[in-house]
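Q: Quick one: this structure, given as structure tokens, is what I'll be asking you about.
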Amino acid sequence: SMAPTVKDGDRLLVRRVGPRSQVREGDVVLARFPSRPDLLVVKRVRRAVPGGHWVEGDNPFVTDDSRAYGTAVVVGRVVGRLRPRPGPLPPRP
């Protein structure tokens with residue numbers, strides 16, 4: 001649900017975040033939902049909320065994000081793409 005920013009098969013470079021790491025609005029992150037701990041997702045941060053962050057995909061028609069599962073806990077920030085198109089991720093259009 002992050003297409004066109006991230007597509008199936010992309011390999012991403014992710015930097016782990018800790019409690020003191022700053023995650024900003026617009027960052028593409030790796031996150032988990034307390035309500036679905038088995039689900040690891042790549043989403044974009046919309047805002048900080050009590051207990052974590054509100055995250056959504058760039059594709060509004062797919063709702064496997066905070067709209068379905070609530071607050072997310074960010075575990076890493078995507079810092080670049082390794083394959084198939086190396087380089088930084090573009091900002092949200």
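Ordering of the structure tokens sets the chain letters (A, B, ...); residue numbers start at 1 within each chain; ligands are numbered from 1 in the order shown.
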DSSP on the backbone: what in chain A comes out alpha helix (DSSP H), as a list in words?
A: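 Alpha helix (DSSP H) members of chain A, listed: Ser66, Arg67, Ala68 and Tyr69 of chain A.
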Q: Store the residues of this selection in a file with N, CA and C atoms, as a PDB file, in the first residue's frame.
A:
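As a result, part.pdb now contains:
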ATOM      1  N   SER A  66      -2.968   2.496  10.160  1.00  0.00           N
ATOM      2  CA  SER A  66      -3.606   2.956  11.394  1.00  0.00           C
ATOM      3  C   SER A  66      -5.117   3.117  11.264  1.00  0.00           C
ATOM      4  N   ARG A  67      -5.608   3.299  10.053  1.00  0.00           N
ATOM      5  CA  ARG A  67      -7.061   3.394   9.872  1.00  0.00           C
ATOM      6  C   ARG A  67      -7.747   2.092  10.254  1.00  0.00           C
ATOM      7  N   ALA A  68      -7.034   0.976  10.133  1.00  0.00           N
ATOM      8  CA  ALA A  68      -7.598  -0.330  10.487  1.00  0.00           C
ATOM      9  C   ALA A  68      -7.128  -0.816  11.847  1.00  0.00           C
ATOM     10  N   TYR A  69      -5.860  -0.539  12.219  1.00  0.00           N
ATOM     11  CA  TYR A  69      -5.266  -1.145  13.398  1.00  0.00           C
ATOM     12  C   TYR A  69      -4.892  -0.174  14.510  1.00  0.00           C
TER      13      TYR A  69
END
Q: So that I can see what lies close to Ala3 in chain A, please list as an MDAnalysis selection string the residues with an atom at most 7 Å from it, counting only C-alpha atoms and leaving out residues fewer than 3 positions away in the same chain.
A: chainID A and resid 6:7 58:59
Q: Which residue is closest to Val55 in chain A? Choose from A:Thr5, A:Asp10, A:Val28, A:Pro19 and count only C-alpha atoms.
A: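 Of A:Thr5, A:Asp10, A:Val28, A:Pro19, the one nearest Val55 in chain A, counting only C-alpha atoms, is A:Val28.
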Q: Closest to Leu30 in chain A among A:Val74, A:Val17, A:Leu82, A:Leu89, using only C-alpha atoms?
A: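 Using only C-alpha atoms, Leu30 in chain A sits closest to A:Val74.
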Q: Hey, what's within 10 Å of Arg16 in chain A if we count only C-alpha atoms and toss same-chain stuff fewer than 2 positions away? As a PDB file with all heavy atoms, in the first residue's frame, please?
A:
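The new file result25.pdb reads:
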ATOM      1  N   LEU A  13      16.841   0.146   3.054  1.00  0.00           N
ATOM      2  CA  LEU A  13      17.793   0.290   4.142  1.00  0.00           C
ATOM      3  C   LEU A  13      17.053   0.974   5.288  1.00  0.00           C
ATOM      4  O   LEU A  13      16.511   2.068   5.118  1.00  0.00           O
ATOM      5  CB  LEU A  13      18.989   1.128   3.702  1.00  0.00           C
ATOM      6  CG  LEU A  13      20.084   1.355   4.736  1.00  0.00           C
ATOM      7  CD1 LEU A  13      20.698   0.017   5.166  1.00  0.00           C
ATOM      8  CD2 LEU A  13      21.150   2.269   4.158  1.00  0.00           C
ATOM      9  N   VAL A  14      17.008   0.293   6.443  1.00  0.00           N
ATOM     10  CA  VAL A  14      16.242   0.787   7.588  1.00  0.00           C
ATOM     11  C   VAL A  14      17.181   0.992   8.765  1.00  0.00           C
ATOM     12  O   VAL A  14      17.974   0.121   9.088  1.00  0.00           O
ATOM     13  CB  VAL A  14      15.120  -0.206   7.972  1.00  0.00           C
ATOM     14  CG1 VAL A  14      14.369   0.262   9.206  1.00  0.00           C
ATOM     15  CG2 VAL A  14      14.172  -0.423   6.799  1.00  0.00           C
ATOM     16  N   GLY A  18      15.248   4.183  18.474  1.00  0.00           N
ATOM     17  CA  GLY A  18      15.088   3.933  19.900  1.00  0.00           C
ATOM     18  C   GLY A  18      14.124   4.943  20.490  1.00  0.00           C
ATOM     19  O   GLY A  18      13.569   5.777  19.778  1.00  0.00           O
ATOM     20  N   SER A  21      14.999   8.496  19.572  1.00  0.00           N
ATOM     21  CA  SER A  21      15.100   8.848  18.157  1.00  0.00           C
ATOM     22  C   SER A  21      13.895   9.675  17.745  1.00  0.00           C
ATOM     23  O   SER A  21      12.778   9.422  18.181  1.00  0.00           O
ATOM     24  CB  SER A  21      15.153   7.584  17.298  1.00  0.00           C
ATOM     25  OG  SER A  21      16.256   6.799  17.643  1.00  0.00           O
ATOM     26  N   VAL A  29       8.554   4.621   7.483  1.00  0.00           N
ATOM     27  CA  VAL A  29       9.036   3.859   8.627  1.00  0.00           C
ATOM     28  C   VAL A  29       8.633   2.387   8.539  1.00  0.00           C
ATOM     29  O   VAL A  29       7.727   2.014   7.792  1.00  0.00           O
ATOM     30  CB  VAL A  29       8.498   4.446   9.955  1.00  0.00           C
ATOM     31  CG1 VAL A  29       8.994   5.869  10.163  1.00  0.00           C
ATOM     32  CG2 VAL A  29       6.985   4.382  10.022  1.00  0.00           C
ATOM     33  N   LEU A  30       9.315   1.586   9.347  1.00  0.00           N
ATOM     34  CA  LEU A  30       8.957   0.198   9.590  1.00  0.00           C
ATOM     35  C   LEU A  30       8.257   0.200  10.943  1.00  0.00           C
ATOM     36  O   LEU A  30       8.793   0.750  11.910  1.00  0.00           O
ATOM     37  CB  LEU A  30      10.232  -0.636   9.630  1.00  0.00           C
ATOM     38  CG  LEU A  30      10.099  -2.143   9.621  1.00  0.00           C
ATOM     39  CD1 LEU A  30       9.469  -2.618   8.323  1.00  0.00           C
ATOM     40  CD2 LEU A  30      11.470  -2.778   9.798  1.00  0.00           C
ATOM     41  N   VAL A  74       6.792   2.621  15.965  1.00  0.00           N
ATOM     42  CA  VAL A  74       7.829   2.674  14.938  1.00  0.00           C
ATOM     43  C   VAL A  74       9.069   1.946  15.454  1.00  0.00           C
ATOM     44  O   VAL A  74       9.538   2.213  16.550  1.00  0.00           O
ATOM     45  CB  VAL A  74       8.160   4.135  14.578  1.00  0.00           C
ATOM     46  CG1 VAL A  74       9.354   4.206  13.644  1.00  0.00           C
ATOM     47  CG2 VAL A  74       6.940   4.807  13.943  1.00  0.00           C
ATOM     48  N   VAL A  75       9.590   1.017  14.639  1.00  0.00           N
ATOM     49  CA  VAL A  75      10.794   0.277  15.013  1.00  0.00           C
ATOM     50  C   VAL A  75      11.996   0.681  14.173  1.00  0.00           C
ATOM     51  O   VAL A  75      13.132   0.402  14.540  1.00  0.00           O
ATOM     52  CB  VAL A  75      10.571  -1.253  14.957  1.00  0.00           C
ATOM     53  CG1 VAL A  75       9.542  -1.679  15.972  1.00  0.00           C
ATOM     54  CG2 VAL A  75      10.189  -1.709  13.566  1.00  0.00           C
ATOM     55  N   GLY A  76      11.760   1.329  13.041  1.00  0.00           N
ATOM     56  CA  GLY A  76      12.866   1.763  12.196  1.00  0.00           C
ATOM     57  C   GLY A  76      12.420   2.820  11.205  1.00  0.00           C
ATOM     58  O   GLY A  76      11.241   2.912  10.877  1.00  0.00           O
ATOM     59  N   ARG A  77      13.386   3.619  10.757  1.00  0.00           N
ATOM     60  CA  ARG A  77      13.114   4.645   9.754  1.00  0.00           C
ATOM     61  C   ARG A  77      13.817   4.248   8.468  1.00  0.00           C
ATOM     62  O   ARG A  77      15.010   3.906   8.477  1.00  0.00           O
ATOM     63  CB  ARG A  77      13.618   6.003  10.239  1.00  0.00           C
ATOM     64  CG  ARG A  77      13.234   7.163   9.348  1.00  0.00           C
ATOM     65  CD  ARG A  77      13.573   8.499  10.000  1.00  0.00           C
ATOM     66  NE  ARG A  77      14.956   8.594  10.404  1.00  0.00           N
ATOM     67  CZ  ARG A  77      15.950   8.981   9.606  1.00  0.00           C
ATOM     68  NH1 ARG A  77      15.706   9.285   8.349  1.00  0.00           N
ATOM     69  NH2 ARG A  77      17.183   9.045  10.054  1.00  0.00           N
ATOM     70  N   VAL A  78      13.094   4.270   7.357  1.00  0.00           N
ATOM     71  CA  VAL A  78      13.670   3.925   6.060  1.00  0.00           C
ATOM     72  C   VAL A  78      14.564   5.086   5.629  1.00  0.00           C
ATOM     73  O   VAL A  78      14.108   6.226   5.552  1.00  0.00           O
ATOM     74  CB  VAL A  78      12.575   3.645   5.012  1.00  0.00           C
ATOM     75  CG1 VAL A  78      13.191   3.373   3.649  1.00  0.00           C
ATOM     76  CG2 VAL A  78      11.703   2.465   5.447  1.00  0.00           C
TER      77      VAL A  78
END
Q: For CA of Asp8 in chain A and CA of Val49 in chain A, quote the distance in Å rounded to one decimal.
A: 28.6 Å
